[in-house]
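Asks: Just dropping this structure here.
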Amino acid sequence: MDFFFQLPLWIQGAVKGLAVIAVLFPLAAACSMAERKISAWIQGRPGPNRTVVPWLAGIPIIIPFLQRLGVFQLAADGGKFVFKEDVVPGHVNKLYFIAAPILAMIPALSTITIVPFGAYFDSAGQLVPLVLANVDIGLLAVLAISSLGVYSVILAGWASNSKYPFLGSIRASAQLISYELSMTLSVLPVFLWVNAPGGQGTLSLFAVVQAQSGTGFFNGLWLGIWMPVSAFIFLVALFAETNRQPFDMAESEADLVGGFHTEYGAFKWSLFFVAEYAHMIVGSGVFTLLFLGGWNPLPWIPLTRVVHGLSHWISFAGHPLFMGVLGVLIFLGKVGFFIFFFMWIRWTLPRFRYDQIMKLGWQKLLPLAIGNLVFYALLIALIQK
């Protein structure tokens, strides 16, 4: 580690960027396979269970198990998207048509660098977050950068020179504006609680987890338990922001063929969905940090307390590596549950009509978010007084 931090900053940045890509792309591919298996499980059908590498098919036990699990489908999908002919229709605006899927990946790869996913004690005994970019405006940066993803959808629809993609892109922009207001208002009570009067103001996601890592009633209580309305509003808005069903009006195969990506195929088409799964992963991580205690295993039982208890039984429990790995596993377990929840909802609820989505966002969710903010502002003022 000392060798890494002695390298020039541009080399450190390049290594961190490659690490993000190396982690995010396999996770997105795994989400793609999980989507198929979960949908098959919900609908009572096998799912992908026949794809296999021909020269491995004769190996007993292990290969049939992986085959039935659908693992080899990942390689088949990846090879198909890379080697399939990547056609660019003649009627599109070629420059912006090609730029749109690239633009979709930029916010997806950027926001994940700001999300902490664990913590450890350094040599000085200070708790240090595991995060690529530990910025004090963490949540503001996540919201600002992730909202740029809608520009790729708008650009794809406009550059396609086709009415159905264009309608899908217009729907996506209206939906983003409608639900981003409610999402922002839903997290304000969280930071009203985290930033006590007289303290140094922060929007750090690490500070939010620390506020849920105490042992007192309120200091150890996960914010999702005593701010359930904020958690609910944030979760609904998260579905809308990631264009997941029942809020996938940007695609809406029933009336828009395929929506904004109708004219796309092969590798460029796959980039849109890698970006969608990346936004889903980051959104699940942010929800976990804000409302579910981050890497803390249970309310009133922070990770530091667990590690301290284990150190009496396991000699290496106090090692930073052990604490870091344990925190990452707890955090990924919570994120994995929410990814499953995203997919569960997609294959359970029917798609809303566009007018229902607009009515829900403006007439139901936004007034609820404003009322929730006023209520918790008064309640927190009374508690902290």
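Chain identifiers are assigned as A, B, and so on, following the order in which chains appear in the structure tokens; residues are numbered from 1 within each chain, and ligands are numbered from 1 in order of appearance.
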Could you give me, as a list in words, each residue of region 30-211 of chain A that DSSP assigns to strand (DSSP E or B) when run on this structure's backbone?
Replies: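 Selecting the strand (DSSP E or B) positions of region 30-211 of chain A gives Ala119, Tyr120, Phe121, Leu127, Val128 and Pro129 of chain A.
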Asks: Include N, CA and C atoms and write out the residues we just selected as a compact mmCIF listing (two decimals), in the first residue's frame.
Replies:
# COMPACT_ATOMS: atom_id res chain seq x y z
N ALA A 119 -15.15 0.04 6.19
CA ALA A 119 -14.29 0.89 7.02
C ALA A 119 -13.30 0.00 7.77
N TYR A 120 -12.20 0.62 8.23
CA TYR A 120 -11.18 -0.10 9.00
C TYR A 120 -10.45 0.89 9.90
N PHE A 121 -9.78 0.38 10.92
CA PHE A 121 -8.97 1.21 11.80
C PHE A 121 -7.54 1.28 11.25
N LEU A 127 -10.92 5.55 12.45
CA LEU A 127 -11.77 4.80 11.54
C LEU A 127 -11.72 5.45 10.16
N VAL A 128 -11.30 4.69 9.17
CA VAL A 128 -11.09 5.21 7.81
C VAL A 128 -12.07 4.51 6.87
N PRO A 129 -12.80 5.24 6.03
CA PRO A 129 -13.73 4.59 5.09
C PRO A 129 -13.01 3.97 3.91
Asks: Identify, on the basis of only C-alpha atoms, every residue whose closest approach to region 337-349 of chain A does not exceed 8 Å; exclude the query and any residue fewer than 5 positions from it along the same chain; express the result as a PyMOL selection string.
Replies: chain A and resi 31+35+38-39+42+239+244-246+280-281+284
Asks: As a PDB file with C-alpha atoms, in the first residue's frame, please: the residues near Gly285 (chain A) (cut-off 10 Å, only C-alpha atoms, same-chain neighbours under 5 positions excluded).
Replies:
ATOM      1  CA  ILE A 112     -19.486   4.461  -7.708  1.00  0.00           C
ATOM      2  CA  VAL A 115     -19.825   5.528  -2.393  1.00  0.00           C
ATOM      3  CA  PRO A 116     -18.031   4.084   0.685  1.00  0.00           C
ATOM      4  CA  PHE A 117     -18.410   0.338   1.062  1.00  0.00           C
ATOM      5  CA  HIS A 279     -27.093   2.886 -11.447  1.00  0.00           C
ATOM      6  CA  MET A 280     -29.153   0.206  -9.722  1.00  0.00           C
ATOM      7  CA  LEU A 290     -28.566   6.305   4.302  1.00  0.00           C
ATOM      8  CA  LEU A 292     -29.778   0.646   6.714  1.00  0.00           C
ATOM      9  CA  GLY A 294     -24.142   0.801   5.853  1.00  0.00           C
ATOM     10  CA  PHE A 331     -22.482  -4.074   2.859  1.00  0.00           C
ATOM     11  CA  LEU A 332     -22.621  -6.224  -0.293  1.00  0.00           C
ATOM     12  CA  LYS A 334     -27.530  -5.597   1.895  1.00  0.00           C
ATOM     13  CA  VAL A 335     -26.924  -4.299  -1.638  1.00  0.00           C
ATOM     14  CA  GLY A 336     -27.551  -7.768  -3.039  1.00  0.00           C
ATOM     15  CA  PHE A 338     -31.990  -4.650  -2.795  1.00  0.00           C
ATOM     16  CA  ILE A 339     -30.903  -5.756  -6.259  1.00  0.00           C
TER      17      ILE A 339
END
Asks: Which one of A:Pro107, A:Pro101, A:Pro89, A:Gly70 sits closest to Trp269 (chain A) if you count only C-alpha atoms?
Replies: A:Pro101
Asks: Just the residues within 12 Å of Val142 (chain A), please, counting only C-alpha atoms, with nothing from its chain fewer than 4 positions along; format it as a list of chain:residue names.
Replies: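 In the requested format, the answer is A:Pro107, A:Ala108, A:Leu109, A:Ser110, A:Thr111, A:Ile112, A:Thr113, A:Ile114, A:Val115, A:Pro116, A:Ala133, A:Val135, A:Asp136, A:Ile137, A:Gly138, A:Ser146, A:Ser147, A:Leu148, A:Gly149, A:Thr184, A:Leu203, A:Ser204, A:Leu205, A:His279, A:Val282, A:Gly283, A:Gly285, A:Val286, A:Phe287.
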Asks: Since we have the selection now, will you write its residues out, keeping C-alpha atoms, as a tab-separated table (two decimals), in the first residue's frame?
Replies:
chain	number	residue	atom	x	y	z
A	107	PRO	CA	-22.14	8.85	-14.69
A	108	ALA	CA	-22.42	5.14	-13.88
A	109	LEU	CA	-18.64	4.74	-13.55
A	110	SER	CA	-18.20	8.07	-11.75
A	111	THR	CA	-20.77	7.79	-8.97
A	112	ILE	CA	-19.49	4.46	-7.71
A	113	THR	CA	-16.16	6.10	-6.81
A	114	ILE	CA	-17.90	8.30	-4.20
A	115	VAL	CA	-19.82	5.53	-2.39
A	116	PRO	CA	-18.03	4.08	0.68
A	133	ALA	CA	-12.93	9.40	-3.42
A	135	VAL	CA	-15.41	13.80	-0.58
A	136	ASP	CA	-17.32	15.85	1.99
A	137	ILE	CA	-20.19	16.48	-0.44
A	138	GLY	CA	-20.68	12.78	-1.13
A	146	SER	CA	-26.21	10.38	-11.58
A	147	SER	CA	-28.82	12.84	-12.86
A	148	LEU	CA	-26.59	13.44	-15.90
A	149	GLY	CA	-27.42	9.91	-17.07
A	184	THR	CA	-33.78	15.22	-2.68
A	203	LEU	CA	-23.00	15.76	3.22
A	204	SER	CA	-20.60	12.82	3.60
A	205	LEU	CA	-22.13	9.36	3.29
A	279	HIS	CA	-27.09	2.89	-11.45
A	282	VAL	CA	-25.05	2.48	-6.78
A	283	GLY	CA	-28.62	3.40	-5.81
A	285	GLY	CA	-25.59	1.16	-2.02
A	286	VAL	CA	-26.67	4.73	-1.28
A	287	PHE	CA	-29.98	3.52	0.19
Asks: For each of A:Ile177, A:Leu382, A:Ala278, A:Ala369, take the minimum atom-to-atom distance to Ser32 (chain A), counting only C-alpha atoms, then give the residue where this is smallest.
Replies: A:Ala278
Asks: Do you know which residues are at most 9 Å from Asp86 (chain A) counting only C-alpha atoms, after dropping those on the same chain fewer than 4 positions away, and could you put them as a PyMOL selection string?
Replies: chain A and resi 81-82+264-268
